[in-house]
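**Student:** Structure provided below as structure tokens; questions to follow.
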Amino acid sequence: MKQIFSVSGMKCVHCKANVENAIKGITGVIAAEANLEEANVMVDFEAPATPEAIQTAVNGAGRYELSL
């Protein structure tokens, strides 16, 4: 399943990488691509990954907040 989530707090390529790496560390995530200009991240995932797990990973990765 592909889903786009809004993410606040990304300001640079380092932030983009932090968000992507946090998401890619979740079992079931196939791909994650953050977009700084649009302040969002596209995630391709399957079970056991959930939107809530993705939100928890991003929110715990720094000063970022993912909205469901």
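Here's how to read the names in the structure tokens: chain A, B, ... by the order shown, residue numbers from 1 in each chain, ligand numbers from 1 in the order shown.
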Could you pull the residues within 9 Å of Gly62 (chain A), counting only C-alpha atoms, minus those fewer than 5 positions along the same chain, as a PyMOL selection string?
**Tutor:** chain A and resi 9+15+18-19
**Student:** Kindly export the residues of the current selection with N, CA and C atoms, as a tab-separated table (two decimals), in the first residue's frame.
**Tutor:**
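And here's result.tsv as it stands now:
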```tsv
chain	number	residue	atom	x	y	z
A	9	GLY	N	8.59	19.95	10.22
A	9	GLY	CA	9.89	19.97	10.87
A	9	GLY	C	11.07	19.63	9.96
A	15	CYS	N	17.50	16.36	7.38
A	15	CYS	CA	16.18	16.05	7.94
A	15	CYS	C	15.46	15.03	7.06
A	18	ASN	N	16.91	11.67	7.71
A	18	ASN	CA	16.51	11.16	9.03
A	18	ASN	C	15.10	10.57	8.98
A	19	VAL	N	14.18	11.27	8.35
A	19	VAL	CA	12.80	10.80	8.25
A	19	VAL	C	12.74	9.51	7.43
```
**Student:** Which one of A:Met10, A:Val41, A:Leu36, A:Arg63 sits closest to Lys24 (chain A) if you count only C-alpha atoms?
**Tutor:**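 Ranked by minimum distance to Lys24 (chain A), first place goes to A:Val41.
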**Student:** Measuring between only C-alpha atoms, which one of A:Glu65, A:Glu20, A:Ile26, A:Ala34 shows the shortest distance to Glu46 (chain A)?
**Tutor:** A:Ile26
**Student:** One decimal, Å: what's the distance from CA of Asp44 (chain A) over to CA of Ala31 (chain A), could you say?
**Tutor:**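 One can read the CA of Asp44 (chain A) to CA of Ala31 (chain A) distance as 5.1 Å.
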**Student:** Figure out the distance between CA of Ile23 (chain A) and CA of Pro48 (chain A), please, to one decimal in Å.
**Tutor:**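 CA of Ile23 (chain A) lies 13.0 Å from CA of Pro48 (chain A).
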**Student:** DSSP on the backbone, helix (DSSP H, G or I) only: what residues of chain A does that give? Format it as a list in words.
**Tutor:**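 Answer for chain A, restricted to helix (DSSP H, G or I): Val13, His14, Cys15, Lys16, Ala17, Asn18, Val19, Glu20, Asn21, Ala22, Ile23, Lys24, Pro51, Glu52, Ala53, Ile54, Gln55, Thr56, Ala57, Val58 and Asn59 of chain A.
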**Student:** Please produce a file of the residues just selected, as an mmCIF file, in the first residue's frame, where the atoms kept are N, CA and C atoms.
**Tutor:**
```
data_model
loop_
_atom_site.group_PDB
_atom_site.id
_atom_site.type_symbol
_atom_site.label_atom_id
_atom_site.label_comp_id
_atom_site.auth_asym_id
_atom_site.auth_seq_id
_atom_site.Cartn_x
_atom_site.Cartn_y
_atom_site.Cartn_z
ATOM 1 N N VAL A 13 18.298 18.533 3.726
ATOM 2 C CA VAL A 13 18.481 17.169 3.231
ATOM 3 C C VAL A 13 18.817 16.202 4.362
ATOM 4 N N HIS A 14 19.453 16.697 5.415
ATOM 5 C CA HIS A 14 19.743 15.849 6.572
ATOM 6 C C HIS A 14 18.430 15.429 7.246
ATOM 7 N N CYS A 15 17.500 16.357 7.377
ATOM 8 C CA CYS A 15 16.182 16.048 7.942
ATOM 9 C C CYS A 15 15.462 15.028 7.064
ATOM 10 N N LYS A 16 15.523 15.236 5.766
ATOM 11 C CA LYS A 16 14.893 14.319 4.809
ATOM 12 C C LYS A 16 15.427 12.909 5.010
ATOM 13 N N ALA A 17 16.740 12.779 5.111
ATOM 14 C CA ALA A 17 17.370 11.473 5.310
ATOM 15 C C ALA A 17 16.977 10.860 6.649
ATOM 16 N N ASN A 18 16.906 11.668 7.709
ATOM 17 C CA ASN A 18 16.505 11.159 9.025
ATOM 18 C C ASN A 18 15.098 10.566 8.980
ATOM 19 N N VAL A 19 14.179 11.269 8.346
ATOM 20 C CA VAL A 19 12.798 10.804 8.249
ATOM 21 C C VAL A 19 12.741 9.509 7.432
ATOM 22 N N GLU A 20 13.390 9.504 6.281
ATOM 23 C CA GLU A 20 13.386 8.304 5.437
ATOM 24 C C GLU A 20 13.998 7.109 6.157
ATOM 25 N N ASN A 21 15.122 7.308 6.825
ATOM 26 C CA ASN A 21 15.789 6.204 7.522
ATOM 27 C C ASN A 21 14.963 5.682 8.688
ATOM 28 N N ALA A 22 14.282 6.561 9.397
ATOM 29 C CA ALA A 22 13.422 6.137 10.501
ATOM 30 C C ALA A 22 12.310 5.234 9.989
ATOM 31 N N ILE A 23 11.736 5.604 8.857
ATOM 32 C CA ILE A 23 10.643 4.819 8.286
ATOM 33 C C ILE A 23 11.156 3.502 7.711
ATOM 34 N N LYS A 24 12.287 3.552 7.023
ATOM 35 C CA LYS A 24 12.829 2.337 6.406
ATOM 36 C C LYS A 24 13.246 1.294 7.442
ATOM 37 N N PRO A 51 0.301 2.676 9.711
ATOM 38 C CA PRO A 51 0.481 4.127 9.763
ATOM 39 C C PRO A 51 0.889 4.611 11.152
ATOM 40 N N GLU A 52 0.364 3.986 12.185
ATOM 41 C CA GLU A 52 0.706 4.387 13.548
ATOM 42 C C GLU A 52 2.176 4.098 13.864
ATOM 43 N N ALA A 53 2.693 2.977 13.374
ATOM 44 C CA ALA A 53 4.112 2.646 13.573
ATOM 45 C C ALA A 53 4.996 3.635 12.832
ATOM 46 N N ILE A 54 4.577 4.035 11.644
ATOM 47 C CA ILE A 54 5.324 5.022 10.855
ATOM 48 C C ILE A 54 5.331 6.360 11.589
ATOM 49 N N GLN A 55 4.182 6.755 12.111
ATOM 50 C CA GLN A 55 4.085 8.010 12.855
ATOM 51 C C GLN A 55 5.006 7.984 14.079
ATOM 52 N N THR A 56 5.001 6.900 14.810
ATOM 53 C CA THR A 56 5.834 6.774 16.003
ATOM 54 C C THR A 56 7.311 6.871 15.646
ATOM 55 N N ALA A 57 7.725 6.213 14.563
ATOM 56 C CA ALA A 57 9.129 6.231 14.147
ATOM 57 C C ALA A 57 9.568 7.640 13.755
ATOM 58 N N VAL A 58 8.749 8.341 12.981
ATOM 59 C CA VAL A 58 9.107 9.696 12.539
ATOM 60 C C VAL A 58 9.128 10.658 13.719
ATOM 61 N N ASN A 59 8.118 10.601 14.559
ATOM 62 C CA ASN A 59 8.046 11.513 15.700
ATOM 63 C C ASN A 59 9.193 11.279 16.675
#
```
**Student:** For Glu38 (chain A), list every protein, DNA or RNA residue within 12 Å, evaluated using only C-alpha atoms, and leave out those in the same chain fewer than 5 positions away; present the list as a ChimeraX atom specification.
**Tutor:** /A:4-11,16,33
**Student:** Extract the full set of strand (DSSP E) residues from chain A according to DSSP on the backbone, and format it as a list in words.
**Tutor:**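 Answer for chain A, restricted to strand (DSSP E): Lys2, Gln3, Ile4, Phe5, Ser6, Val7, Ser8, Val29, Ile30, Ala31, Ala32, Glu33, Ala34, Asn35, Asn40, Val41, Met42, Val43, Asp44, Phe45, Glu65, Leu66 and Ser67 of chain A.
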**Student:** Those residues you just picked out, can you put them in a file as a JSON list (two decimals), in the first residue's frame with N, CA, C and O atoms?
**Tutor:**
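Written out: result.json:
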```
[["chain", "number", "residue", "atom", "x", "y", "z"],
["A", 2, "LYS", "N", 0.60, 2.18, -0.87],
["A", 2, "LYS", "CA", 1.33, 3.45, -0.88],
["A", 2, "LYS", "C", 0.45, 4.51, -0.25],
["A", 2, "LYS", "O", -0.74, 4.60, -0.53],
["A", 3, "GLN", "N", 1.07, 5.30, 0.62],
["A", 3, "GLN", "CA", 0.34, 6.36, 1.31],
["A", 3, "GLN", "C", 1.26, 7.56, 1.49],
["A", 3, "GLN", "O", 2.46, 7.41, 1.72],
["A", 4, "ILE", "N", 0.68, 8.75, 1.40],
["A", 4, "ILE", "CA", 1.43, 9.99, 1.60],
["A", 4, "ILE", "C", 1.01, 10.59, 2.94],
["A", 4, "ILE", "O", -0.17, 10.71, 3.25],
["A", 5, "PHE", "N", 2.03, 10.94, 3.74],
["A", 5, "PHE", "CA", 1.81, 11.54, 5.06],
["A", 5, "PHE", "C", 2.44, 12.92, 5.09],
["A", 5, "PHE", "O", 3.54, 13.12, 4.58],
["A", 6, "SER", "N", 1.79, 13.87, 5.74],
["A", 6, "SER", "CA", 2.37, 15.20, 5.96],
["A", 6, "SER", "C", 3.37, 15.11, 7.10],
["A", 6, "SER", "O", 3.12, 14.43, 8.09],
["A", 7, "VAL", "N", 4.51, 15.79, 6.92],
["A", 7, "VAL", "CA", 5.54, 15.80, 7.96],
["A", 7, "VAL", "C", 5.99, 17.24, 8.17],
["A", 7, "VAL", "O", 6.44, 17.90, 7.24],
["A", 8, "SER", "N", 5.89, 17.72, 9.40],
["A", 8, "SER", "CA", 6.40, 19.05, 9.71],
["A", 8, "SER", "C", 7.76, 18.92, 10.37],
["A", 8, "SER", "O", 8.08, 17.88, 10.95],
["A", 29, "VAL", "N", 8.13, -2.03, 5.64],
["A", 29, "VAL", "CA", 8.26, -0.86, 4.78],
["A", 29, "VAL", "C", 9.11, -1.23, 3.57],
["A", 29, "VAL", "O", 10.21, -1.76, 3.70],
["A", 30, "ILE", "N", 8.57, -0.99, 2.40],
["A", 30, "ILE", "CA", 9.25, -1.30, 1.15],
["A", 30, "ILE", "C", 10.08, -0.11, 0.68],
["A", 30, "ILE", "O", 11.21, -0.27, 0.24],
["A", 31, "ALA", "N", 9.52, 1.09, 0.78],
["A", 31, "ALA", "CA", 10.21, 2.30, 0.33],
["A", 31, "ALA", "C", 9.65, 3.51, 1.05],
["A", 31, "ALA", "O", 8.49, 3.51, 1.47],
["A", 32, "ALA", "N", 10.49, 4.55, 1.17],
["A", 32, "ALA", "CA", 10.07, 5.82, 1.76],
["A", 32, "ALA", "C", 10.80, 6.93, 1.03],
["A", 32, "ALA", "O", 12.01, 6.87, 0.87],
["A", 33, "GLU", "N", 10.06, 7.93, 0.57],
["A", 33, "GLU", "CA", 10.65, 9.06, -0.14],
["A", 33, "GLU", "C", 10.05, 10.35, 0.39],
["A", 33, "GLU", "O", 8.87, 10.65, 0.16],
["A", 34, "ALA", "N", 10.86, 11.12, 1.11],
["A", 34, "ALA", "CA", 10.42, 12.39, 1.67],
["A", 34, "ALA", "C", 10.59, 13.51, 0.65],
["A", 34, "ALA", "O", 11.50, 13.47, -0.18],
["A", 35, "ASN", "N", 9.71, 14.49, 0.71],
["A", 35, "ASN", "CA", 9.76, 15.64, -0.18],
["A", 35, "ASN", "C", 9.79, 16.90, 0.68],
["A", 35, "ASN", "O", 8.81, 17.23, 1.35],
["A", 40, "ASN", "N", 6.12, 16.35, 2.92],
["A", 40, "ASN", "CA", 5.45, 15.08, 3.08],
["A", 40, "ASN", "C", 6.40, 13.92, 2.80],
["A", 40, "ASN", "O", 7.54, 14.13, 2.40],
["A", 41, "VAL", "N", 5.90, 12.73, 3.03],
["A", 41, "VAL", "CA", 6.68, 11.53, 2.75],
["A", 41, "VAL", "C", 5.74, 10.48, 2.15],
["A", 41, "VAL", "O", 4.62, 10.29, 2.64],
["A", 42, "MET", "N", 6.18, 9.85, 1.05],
["A", 42, "MET", "CA", 5.43, 8.77, 0.44],
["A", 42, "MET", "C", 6.03, 7.48, 0.95],
["A", 42, "MET", "O", 7.24, 7.28, 0.87],
["A", 43, "VAL", "N", 5.17, 6.62, 1.49],
["A", 43, "VAL", "CA", 5.63, 5.36, 2.06],
["A", 43, "VAL", "C", 4.89, 4.22, 1.37],
["A", 43, "VAL", "O", 3.67, 4.23, 1.27],
["A", 44, "ASP", "N", 5.67, 3.24, 0.90],
["A", 44, "ASP", "CA", 5.12, 2.01, 0.34],
["A", 44, "ASP", "C", 5.35, 0.95, 1.42],
["A", 44, "ASP", "O", 6.50, 0.67, 1.77],
["A", 45, "PHE", "N", 4.26, 0.40, 1.95],
["A", 45, "PHE", "CA", 4.41, -0.55, 3.05],
["A", 45, "PHE", "C", 3.36, -1.64, 3.00],
["A", 45, "PHE", "O", 2.36, -1.54, 2.28],
["A", 65, "GLU", "N", 7.12, 15.87, 13.01],
["A", 65, "GLU", "CA", 5.79, 15.43, 13.40],
["A", 65, "GLU", "C", 5.05, 14.96, 12.17],
["A", 65, "GLU", "O", 4.82, 15.74, 11.24],
["A", 66, "LEU", "N", 4.71, 13.68, 12.16],
["A", 66, "LEU", "CA", 3.97, 13.10, 11.05],
["A", 66, "LEU", "C", 2.49, 13.10, 11.40],
["A", 66, "LEU", "O", 2.10, 12.69, 12.49],
["A", 67, "SER", "N", 1.67, 13.59, 10.48],
["A", 67, "SER", "CA", 0.22, 13.63, 10.68],
["A", 67, "SER", "C", -0.43, 12.48, 9.93],
["A", 67, "SER", "O", -0.10, 12.23, 8.77]]
```
